[in-house]
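Chemist: I am sharing coords.cif, which consists of mmCIF, C-alpha atoms and all ligand atoms:
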data_query
loop_
_atom_site.label_atom_id
_atom_site.label_comp_id
_atom_site.auth_asym_id
_atom_site.auth_seq_id
_atom_site.Cartn_x
_atom_site.Cartn_y
_atom_site.Cartn_z
CA MET Z 1 80.35 0.40 17.80
CA THR Z 2 76.88 -1.06 18.35
CA SER Z 3 75.11 -2.67 15.42
CA PRO Z 4 71.49 -1.80 14.71
CA VAL Z 5 68.92 -4.60 14.83
CA LEU Z 6 66.53 -5.06 11.91
CA LEU Z 7 63.78 -7.67 12.19
CA MET Z 8 61.37 -8.36 9.32
CA LEU Z 9 58.04 -9.86 10.39
CA ASN Z 10 56.83 -12.89 8.51
CA ARG Z 11 53.20 -12.24 9.29
CA PRO Z 12 52.68 -8.68 10.54
CA SER Z 13 48.91 -9.12 10.39
CA ARG Z 14 46.82 -12.18 11.22
CA ASP Z 15 44.35 -11.34 8.42
CA ALA Z 16 46.96 -11.62 5.66
CA GLU Z 17 49.01 -14.50 4.24
CA PRO Z 18 52.50 -14.85 5.75
CA HIS Z 19 55.47 -13.95 3.55
CA GLU Z 20 57.03 -17.34 4.28
CA PRO Z 21 54.34 -19.95 5.13
CA GLY Z 22 55.39 -21.98 8.16
CA GLY Z 23 58.52 -19.86 8.62
CA PRO Z 24 59.64 -18.23 11.87
CA SER Z 25 57.64 -15.22 13.01
CA PHE Z 26 60.50 -12.86 12.21
CA ALA Z 27 63.96 -12.88 10.63
CA ARG Z 28 66.99 -10.80 11.56
CA LEU Z 29 68.34 -9.06 8.47
CA ASP Z 30 71.27 -6.81 7.60
CA PRO Z 31 70.11 -3.19 8.06
CA SER Z 32 72.87 -1.90 5.76
CA ALA Z 33 71.50 -3.95 2.82
CA ALA Z 34 68.33 -3.14 0.83
CA GLN Z 35 65.43 -5.10 2.33
CA VAL Z 36 62.22 -3.44 1.18
CA SER Z 37 60.94 -3.62 -2.40
CA VAL Z 38 60.98 -0.44 -4.50
CA LEU Z 39 57.34 -1.35 -5.26
CA ASP Z 40 56.29 -1.30 -1.60
CA LEU Z 41 53.49 1.23 -1.06
CA GLY Z 42 55.21 2.40 2.09
CA VAL Z 43 58.12 3.51 -0.09
CA THR Z 44 56.21 4.76 -3.14
CA ARG Z 45 53.24 6.39 -1.38
CA GLY Z 46 54.12 6.72 2.30
CA ASP Z 47 51.11 4.41 2.75
CA GLY Z 48 51.64 2.86 6.14
CA ILE Z 49 52.04 3.55 9.84
CA PHE Z 50 54.79 3.54 12.43
CA GLU Z 51 55.63 3.86 16.11
CA SER Z 52 58.84 5.06 17.78
CA ILE Z 53 59.37 3.39 21.14
CA SER Z 54 62.04 4.35 23.70
CA VAL Z 55 64.20 1.62 25.16
CA ALA Z 56 65.95 2.34 28.47
CA GLY Z 57 67.43 0.00 31.04
CA GLY Z 58 66.78 -2.91 28.68
CA ARG Z 59 63.02 -2.27 28.57
CA ALA Z 60 60.76 -1.03 25.78
CA GLN Z 61 58.85 1.83 27.40
CA ALA Z 62 55.10 2.39 27.09
CA LEU Z 63 55.02 -0.80 25.02
CA GLU Z 64 51.32 -1.53 25.40
CA PRO Z 65 50.19 2.09 24.71
CA HIS Z 66 52.40 2.10 21.59
CA LEU Z 67 50.97 -1.22 20.39
CA ALA Z 68 47.43 0.01 21.04
CA ARG Z 69 48.09 3.21 19.04
CA PHE Z 70 49.67 1.14 16.22
CA ALA Z 71 46.37 -0.76 16.00
CA VAL Z 72 44.34 2.49 16.02
CA SER Z 73 46.47 3.95 13.21
CA ALA Z 74 46.04 0.74 11.19
CA ARG Z 75 42.28 0.95 11.64
CA MET Z 76 42.20 4.59 10.54
CA LEU Z 77 44.14 3.70 7.35
CA GLN Z 78 42.07 0.53 6.79
CA LEU Z 79 45.23 -1.57 6.91
CA PRO Z 80 45.02 -5.22 8.01
CA ALA Z 81 45.08 -5.16 11.81
CA PRO Z 82 48.62 -5.72 13.11
CA ASP Z 83 49.08 -8.99 14.99
CA LEU Z 84 50.05 -7.34 18.27
CA ASP Z 85 51.37 -10.60 19.78
CA ALA Z 86 53.76 -11.01 16.84
CA TRP Z 87 54.89 -7.38 17.14
CA ARG Z 88 55.37 -7.63 20.91
CA GLU Z 89 57.45 -10.78 20.48
CA ALA Z 90 59.63 -9.11 17.83
CA ILE Z 91 60.09 -5.95 19.94
CA LEU Z 92 61.21 -7.98 22.96
CA ALA Z 93 63.54 -10.01 20.73
CA ALA Z 94 65.11 -6.84 19.31
CA VAL Z 95 65.77 -5.51 22.82
CA ALA Z 96 67.41 -8.82 23.74
CA LEU Z 97 69.52 -8.87 20.55
CA HIS Z 98 70.69 -5.24 20.73
CA ASP Z 99 73.83 -4.24 22.63
CA ASP Z 100 73.07 -2.91 26.08
CA VAL Z 101 73.14 0.89 25.73
CA PRO Z 102 71.67 3.47 28.14
CA GLU Z 103 69.10 4.78 25.65
CA ALA Z 104 67.86 3.40 22.35
CA PHE Z 105 64.72 3.41 20.27
CA ILE Z 106 62.71 0.96 18.21
CA LYS Z 107 60.81 2.03 15.12
CA THR Z 108 58.02 -0.32 14.07
CA VAL Z 109 56.72 0.05 10.49
CA LEU Z 110 53.67 -1.52 8.86
CA THR Z 111 53.00 -0.70 5.19
CA ARG Z 112 50.27 -1.72 2.77
CA GLY Z 113 52.92 -3.85 1.03
CA ILE Z 114 53.45 -4.31 -2.69
CA GLU Z 115 50.56 -2.99 -4.76
CA GLY Z 116 48.12 -5.79 -5.59
CA ASP Z 117 49.87 -8.34 -3.39
CA GLY Z 118 47.47 -8.00 -0.44
CA ARG Z 119 50.11 -8.68 2.18
CA PRO Z 120 51.31 -5.87 4.42
CA THR Z 121 55.03 -5.43 5.01
CA GLY Z 122 56.23 -5.16 8.60
CA TRP Z 123 59.62 -4.53 10.11
CA LEU Z 124 61.25 -3.00 13.12
CA TYR Z 125 64.58 -1.33 13.57
CA MET Z 126 66.50 -0.59 16.77
CA GLU Z 127 69.54 1.62 17.35
CA PRO Z 128 70.95 3.90 20.10
CA SER Z 129 69.20 7.26 20.59
CA SER Z 130 70.85 10.46 19.39
CA PRO Z 131 72.92 12.28 22.07
CA ALA Z 132 71.31 15.50 20.77
CA PHE Z 133 68.11 14.37 22.47
CA SER Z 134 69.62 14.31 25.95
CA ARG Z 135 71.17 17.75 25.32
CA ALA Z 136 67.72 19.14 24.43
CA ARG Z 137 66.45 18.00 27.86
CA THR Z 138 68.84 20.30 29.71
CA GLU Z 139 69.58 23.11 27.26
CA GLY Z 140 66.02 23.44 26.01
CA ILE Z 141 64.70 23.99 22.50
CA ARG Z 142 63.81 27.16 20.59
CA VAL Z 143 60.43 26.79 18.92
CA VAL Z 144 58.50 28.70 16.29
CA THR Z 145 54.73 28.60 15.90
CA LEU Z 146 53.60 27.63 12.39
CA ASN Z 147 50.09 27.53 10.97
CA ARG Z 148 49.00 23.93 10.27
CA GLY Z 149 46.44 24.97 7.64
CA TYR Z 150 43.38 23.37 9.22
CA ALA Z 151 40.97 24.03 12.07
CA THR Z 152 40.61 22.07 15.31
CA THR Z 153 37.48 20.41 13.84
CA VAL Z 154 39.56 18.62 11.16
CA ALA Z 155 39.46 15.13 12.68
CA ARG Z 156 35.68 15.27 13.13
CA ASP Z 157 34.83 16.87 9.77
CA PHE Z 158 37.47 15.37 7.44
CA PRO Z 159 38.46 11.92 8.72
CA TRP Z 160 40.09 11.04 5.38
CA LEU Z 161 42.86 13.53 6.21
CA LEU Z 162 43.93 10.95 8.85
CA GLN Z 163 44.83 13.53 11.48
CA GLY Z 164 45.59 11.67 14.69
CA ALA Z 165 46.96 8.57 12.90
CA LYS Z 166 50.72 7.98 12.99
CA THR Z 167 51.21 7.56 9.26
CA LEU Z 168 54.47 7.26 7.34
CA SER Z 169 53.62 10.48 5.48
CA TYR Z 170 55.86 12.76 7.56
CA GLY Z 171 57.17 14.83 4.61
CA LEU Z 172 55.19 17.81 5.88
CA ASN Z 173 56.48 17.34 9.44
CA ARG Z 174 60.06 17.32 8.10
CA ALA Z 175 59.39 20.43 6.01
CA ALA Z 176 58.17 22.21 9.14
CA GLY Z 177 61.45 21.28 10.84
CA ARG Z 178 63.39 22.86 7.96
CA GLU Z 179 61.24 25.99 8.23
CA ALA Z 180 62.08 26.16 11.95
CA ALA Z 181 65.81 25.82 11.15
CA ALA Z 182 65.53 28.59 8.52
CA ARG Z 183 64.08 30.80 11.27
CA GLY Z 184 66.95 29.93 13.64
CA ALA Z 185 64.87 27.56 15.79
CA ASP Z 186 65.01 23.87 16.73
CA ASP Z 187 61.38 22.81 16.60
CA VAL Z 188 57.80 23.77 15.83
CA ILE Z 189 54.47 24.10 17.54
CA PHE Z 190 51.66 23.90 15.01
CA VAL Z 191 48.73 26.29 15.41
CA SER Z 192 45.29 25.65 13.89
CA THR Z 193 43.58 28.11 11.53
CA ASP Z 194 41.14 28.88 14.37
CA GLY Z 195 44.05 29.93 16.57
CA TYR Z 196 44.76 27.00 18.91
CA LEU Z 197 47.96 25.16 19.79
CA LEU Z 198 48.03 21.68 18.24
CA GLU Z 199 51.28 19.70 18.63
CA GLY Z 200 54.87 19.58 17.42
CA PRO Z 201 55.79 17.68 14.22
CA THR Z 202 56.91 14.76 16.43
CA SER Z 203 55.74 15.72 19.92
CA ASN Z 204 52.94 16.99 22.16
CA VAL Z 205 52.84 20.33 23.96
CA ILE Z 206 52.50 20.59 27.74
CA LEU Z 207 52.25 23.90 29.65
CA ARG Z 208 52.64 24.43 33.39
CA THR Z 209 50.80 27.20 35.19
CA GLY Z 210 51.28 27.08 38.94
CA ASP Z 211 50.94 23.45 39.98
CA ARG Z 212 48.80 22.50 37.00
CA LEU Z 213 49.81 20.88 33.70
CA VAL Z 214 47.66 21.42 30.61
CA THR Z 215 47.80 19.98 27.10
CA PRO Z 216 45.45 20.31 24.11
CA PRO Z 217 42.58 17.78 23.86
CA THR Z 218 43.47 14.75 21.75
CA ASP Z 219 40.38 14.98 19.50
CA ILE Z 220 41.45 18.17 17.68
CA GLY Z 221 43.50 16.41 15.00
CA ILE Z 222 46.64 15.60 17.00
CA LEU Z 223 48.29 12.38 18.06
CA ALA Z 224 47.37 11.06 21.52
CA GLY Z 225 50.87 10.95 23.02
CA THR Z 226 52.10 8.12 25.20
CA THR Z 227 54.68 10.41 26.85
CA GLN Z 228 52.12 13.11 27.61
CA ALA Z 229 49.83 10.50 29.18
CA HIS Z 230 52.66 9.19 31.39
CA ILE Z 231 53.65 12.72 32.41
CA PHE Z 232 50.07 13.42 33.47
CA ALA Z 233 50.03 10.22 35.55
CA TYR Z 234 53.32 11.29 37.16
CA ALA Z 235 52.02 14.81 37.87
CA GLN Z 236 48.86 13.44 39.47
CA GLY Z 237 51.04 11.17 41.61
CA VAL Z 238 52.93 14.18 42.99
CA GLY Z 239 49.71 16.09 43.70
CA MET Z 240 49.62 18.37 40.66
CA GLY Z 241 46.50 19.11 38.63
CA THR Z 242 46.23 18.04 34.99
CA ALA Z 243 43.79 19.07 32.27
CA TYR Z 244 43.07 18.84 28.54
CA GLU Z 245 42.17 22.35 27.38
CA MET Z 246 42.11 24.43 24.23
CA LEU Z 247 45.29 26.54 24.40
CA THR Z 248 46.44 29.56 22.41
CA PRO Z 249 49.87 31.01 21.57
CA ASP Z 250 49.18 33.61 24.31
CA ASP Z 251 48.78 30.76 26.82
CA LEU Z 252 52.13 29.40 25.64
CA ARG Z 253 53.84 32.74 26.25
CA ALA Z 254 52.11 33.28 29.62
CA ALA Z 255 52.74 29.77 31.04
CA ASP Z 256 55.32 29.30 33.80
CA ALA Z 257 57.00 26.57 31.73
CA ALA Z 258 56.42 24.69 28.48
CA TRP Z 259 57.70 21.41 27.03
CA LEU Z 260 57.55 19.41 23.85
CA VAL Z 261 57.25 15.80 24.95
CA SER Z 262 57.74 12.61 22.97
CA SER Z 263 59.15 9.13 23.14
CA VAL Z 264 62.94 8.97 22.78
CA ARG Z 265 63.63 12.73 23.32
CA HIS Z 266 61.29 12.76 26.35
CA ALA Z 267 60.59 16.20 27.92
CA ALA Z 268 62.36 19.04 26.08
CA PRO Z 269 61.81 22.42 27.79
CA VAL Z 270 60.93 25.31 25.48
CA SER Z 271 63.54 28.10 25.85
CA SER Z 272 62.08 30.54 23.34
CA VAL Z 273 58.95 31.05 21.25
CA ASP Z 274 59.21 32.87 17.91
CA GLY Z 275 62.52 34.41 18.98
CA GLU Z 276 61.28 35.56 22.41
CA ASP Z 277 63.01 33.94 25.40
CA ARG Z 278 60.80 32.27 27.95
CA THR Z 279 61.44 30.77 31.38
CA MET Z 280 62.34 27.11 31.78
CA ASP Z 281 61.79 25.01 34.89
CA ALA Z 282 65.06 23.10 35.18
CA GLY Z 283 64.13 21.29 38.41
CA PHE Z 284 60.78 19.94 37.25
CA THR Z 285 62.19 19.13 33.80
CA ALA Z 286 64.92 17.02 35.42
CA ALA Z 287 62.33 15.26 37.60
CA LEU Z 288 60.14 14.55 34.56
CA ASN Z 289 63.01 13.12 32.54
CA GLU Z 290 64.22 11.03 35.46
CA PHE Z 291 60.71 9.60 35.77
CA LEU Z 292 60.41 9.00 31.99
CA LEU Z 293 63.80 7.29 31.77
CA ALA Z 294 63.07 5.06 34.75
CA ARG Z 295 59.83 3.66 33.28
CA ARG Z 296 59.88 -0.10 33.09
CA ASP Z 297 56.66 -0.57 31.15
C1 LIG Z 301 52.85 14.19 15.46
C2 LIG Z 301 53.25 13.63 16.79
N1 LIG Z 301 52.61 14.07 17.90
C3 LIG Z 301 52.94 13.61 19.12
C4 LIG Z 301 53.95 12.66 19.30
C5 LIG Z 301 54.30 12.17 20.69
O1 LIG Z 301 53.89 10.84 20.89
P1 LIG Z 301 54.63 9.87 21.90
O2 LIG Z 301 54.77 10.59 23.19
O3 LIG Z 301 53.74 8.69 22.01
O4 LIG Z 301 55.96 9.55 21.31
C6 LIG Z 301 54.61 12.18 18.18
C7 LIG Z 301 55.64 11.16 18.37
O5 LIG Z 301 56.22 10.60 17.55
C8 LIG Z 301 54.26 12.65 16.89
O6 LIG Z 301 54.87 12.21 15.79
#
Can I see the file as structure tokens?
Modeler:
Amino acid sequence: MTSPVLLMLNRPSRDAEPHEPGGPSFARLDPSAAQVSVLDLGVTRGDGIFESISVAGGRAQALEPHLARFAVSARMLQLPAPDLDAWREAILAAVALHDDVPEAFIKTVLTRGIEGDGRPTGWLYMEPSSPAFSRARTEGIRVVTLNRGYATTVARDFPWLLQGAKTLSYGLNRAAGREAAARGADDVIFVSTDGYLLEGPTSNVILRTGDRLVTPPTDIGILAGTTQAHIFAYAQGVGMGTAYEMLTPDDLRAADAAWLVSSVRHAAPVSSVDGEDRTMDAGFTAALNEFLLARRD
């Protein structure tokens, strides 16, 4: 039995007072005990940000892209900027402290802290990845398309809706997952009110047509995925084309293959859309996942 690692950061942001002046930069705490105040705005309002980072072969994958996105999310929420050196140090320490397992993940969390206190709260948590994720890579996932209730102009027109930030407010994303389960599916692809594919509740969409991979542009109110970016780099390396394009549900049905891609689960091939079976590309999926698992940075 491996024990999870919980590290609480003493000073998650350079702009804010440390929780323990002069203390170590982080402390290892018992993850089975209560550690966060019931008054923390992350708990009471979902007011904060997070990242989920895969760990494989003893390395945190896409570490710098995750840290960069953590900083972007903080900026979008007007949170004190995370001290990325402190976070990097804590992430590397967690990997060193955790039992050596083939696949694990680290979740980093930064909240606005206790109301009125002015100090953000920061912690990270590491445990082995769910075996269900590796099953999804070979067996595929059944998806339903669900309307997201906004147009692809949302990020430009309504920045206060925080689309494209990785906030703690994932209640809606979880509700979409329950809706998928109620419809006999495993996952969701959100569609905008103007009829375009957006993303999954915790993943990006990639389609393959011929030897070309396409994904929706990242400025239409979706998260810029670290996994999607690495898959595009891989595809370019093996001579495939890649593009960011507006895509529709018809494109999804017509594509030669489709995946939902994300850290930790990696590339999950889509086996059906709204109850209609679609083809999967087992060979390329295996190559993608082999590449993603082998990443060392
Ligand atoms: C809404 C959303 N989109 C996309 C992604 C994929 O991002 P990444 O590949 O960096 O994990 C995630 C991952 O958590 C997500 O929550």
Chemist: Find the residue from Z:Gly23, Z:Thr279, Z:Gly164, Z:Ser13 that sits nearest to Asp85 in chain Z; use only C-alpha atoms when measuring.
Modeler: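 Result for the nearest residue to Asp85 in chain Z: Z:Ser13.
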Chemist: Find the axis-aligned box for ligand LIG 301 (chain Z), covering all its listed atoms and adding 6 Å on each side, and write its centre and edge lengths in Å to one decimal as JSON.
Modeler:
{"center_x": 54.4, "center_y": 11.4, "center_z": 19.3, "size_x": 15.6, "size_y": 17.5, "size_z": 19.7}
Chemist: What is the distance, in Å and to one decimal place, between CA of Met76 in chain Z and CA of Trp259 in chain Z?
Modeler: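 Result for CA of Met76 in chain Z versus CA of Trp259 in chain Z: 28.2 Å, one decimal.
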Chemist: Can you tell me which residues sit at most 7 Å away from ligand LIG 301 (chain Z), counting all atoms listed in the file, written as number ranges by chain?
Modeler: Z: 51-52, 66, 166, 199-204, 222-228, 261-263
Chemist: Using all atoms listed in the file, which of the listed residues (Z:Val191, Z:Val109, Z:Leu79, Z:Ala267) sits closest to Phe291 in chain Z?
Modeler: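 Of the candidates, the smallest distance to Phe291 in chain Z is held by Z:Ala267.
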Chemist: Using only C-alpha atoms, collect all residues at a distance of at most 10 Å from (57.6, 21.0, 34.3) as written in the file, then present them as a short mmCIF file (atom, residue, chain, number, x, y, z; two decimals) with C-alpha atoms, keeping the file's coordinate frame.
Modeler:
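Result file is part_2.cif:
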data_model
loop_
_atom_site.label_atom_id
_atom_site.label_comp_id
_atom_site.auth_asym_id
_atom_site.auth_seq_id
_atom_site.Cartn_x
_atom_site.Cartn_y
_atom_site.Cartn_z
CA ILE Z 206 52.50 20.59 27.74
CA LEU Z 207 52.25 23.90 29.65
CA ARG Z 208 52.64 24.43 33.39
CA THR Z 209 50.80 27.20 35.19
CA GLY Z 210 51.28 27.08 38.94
CA ASP Z 211 50.94 23.45 39.98
CA ARG Z 212 48.80 22.50 37.00
CA LEU Z 213 49.81 20.88 33.70
CA ILE Z 231 53.65 12.72 32.41
CA ALA Z 235 52.02 14.81 37.87
CA ASP Z 256 55.32 29.30 33.80
CA ALA Z 257 57.00 26.57 31.73
CA ALA Z 258 56.42 24.69 28.48
CA TRP Z 259 57.70 21.41 27.03
CA ALA Z 267 60.59 16.20 27.92
CA ALA Z 268 62.36 19.04 26.08
CA PRO Z 269 61.81 22.42 27.79
CA MET Z 280 62.34 27.11 31.78
CA ASP Z 281 61.79 25.01 34.89
CA ALA Z 282 65.06 23.10 35.18
CA GLY Z 283 64.13 21.29 38.41
CA PHE Z 284 60.78 19.94 37.25
CA THR Z 285 62.19 19.13 33.80
CA ALA Z 286 64.92 17.02 35.42
CA ALA Z 287 62.33 15.26 37.60
CA LEU Z 288 60.14 14.55 34.56
CA ASN Z 289 63.01 13.12 32.54
#
Chemist: May I have the protein, DNA and RNA residues with any atom at most 12 Å from the point (50.9, 0.7, 26.9), counting only C-alpha atoms, written as an MDAnalysis selection string?
Modeler: chainID Z and resid 53 60:71 84 88 225:227 229:230 295:297
Chemist: Would you save the residues of that selection, restricted to C-alpha atoms, as a PDB file, in the coordinates of the input?
Modeler:
ATOM      1  CA  ILE Z  53      59.370   3.390  21.140  1.00  0.00           C
ATOM      2  CA  ALA Z  60      60.760  -1.030  25.780  1.00  0.00           C
ATOM      3  CA  GLN Z  61      58.850   1.830  27.400  1.00  0.00           C
ATOM      4  CA  ALA Z  62      55.100   2.390  27.090  1.00  0.00           C
ATOM      5  CA  LEU Z  63      55.020  -0.800  25.020  1.00  0.00           C
ATOM      6  CA  GLU Z  64      51.320  -1.530  25.400  1.00  0.00           C
ATOM      7  CA  PRO Z  65      50.190   2.090  24.710  1.00  0.00           C
ATOM      8  CA  HIS Z  66      52.400   2.100  21.590  1.00  0.00           C
ATOM      9  CA  LEU Z  67      50.970  -1.220  20.390  1.00  0.00           C
ATOM     10  CA  ALA Z  68      47.430   0.010  21.040  1.00  0.00           C
ATOM     11  CA  ARG Z  69      48.090   3.210  19.040  1.00  0.00           C
ATOM     12  CA  PHE Z  70      49.670   1.140  16.220  1.00  0.00           C
ATOM     13  CA  ALA Z  71      46.370  -0.760  16.000  1.00  0.00           C
ATOM     14  CA  LEU Z  84      50.050  -7.340  18.270  1.00  0.00           C
ATOM     15  CA  ARG Z  88      55.370  -7.630  20.910  1.00  0.00           C
ATOM     16  CA  GLY Z 225      50.870  10.950  23.020  1.00  0.00           C
ATOM     17  CA  THR Z 226      52.100   8.120  25.200  1.00  0.00           C
ATOM     18  CA  THR Z 227      54.680  10.410  26.850  1.00  0.00           C
ATOM     19  CA  ALA Z 229      49.830  10.500  29.180  1.00  0.00           C
ATOM     20  CA  HIS Z 230      52.660   9.190  31.390  1.00  0.00           C
ATOM     21  CA  ARG Z 295      59.830   3.660  33.280  1.00  0.00           C
ATOM     22  CA  ARG Z 296      59.880  -0.100  33.090  1.00  0.00           C
ATOM     23  CA  ASP Z 297      56.660  -0.570  31.150  1.00  0.00           C
TER      24      ASP Z 297
END
Chemist: Just the number, please: distance in Å from CA of Gly113 in chain Z to CA of Ala90 in chain Z, one decimal.
Modeler: 18.8 Å
Chemist: What is the distance, in Å and to one decimal place, between CA of Gly275 in chain Z and CA of Pro216 in chain Z?
Modeler: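 Pair CA of Gly275 in chain Z / CA of Pro216 in chain Z returns 22.7 Å.
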Chemist: For Val95 in chain Z, which residue out of Z:Gly184, Z:Pro18, Z:Gly241, Z:Gly57 is the nearest one, using only C-alpha atoms?
Modeler: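 Nearest candidate to Val95 in chain Z out of Z:Gly184, Z:Pro18, Z:Gly241, Z:Gly57: Z:Gly57.
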Chemist: List the spatial neighbours of Asn147 in chain Z as a PyMOL selection string - criterion: any atom at most 8 Å away, all atoms listed in the file, same-chain residues fewer than 3 positions off excluded.
Modeler: chain Z and resi 190-193
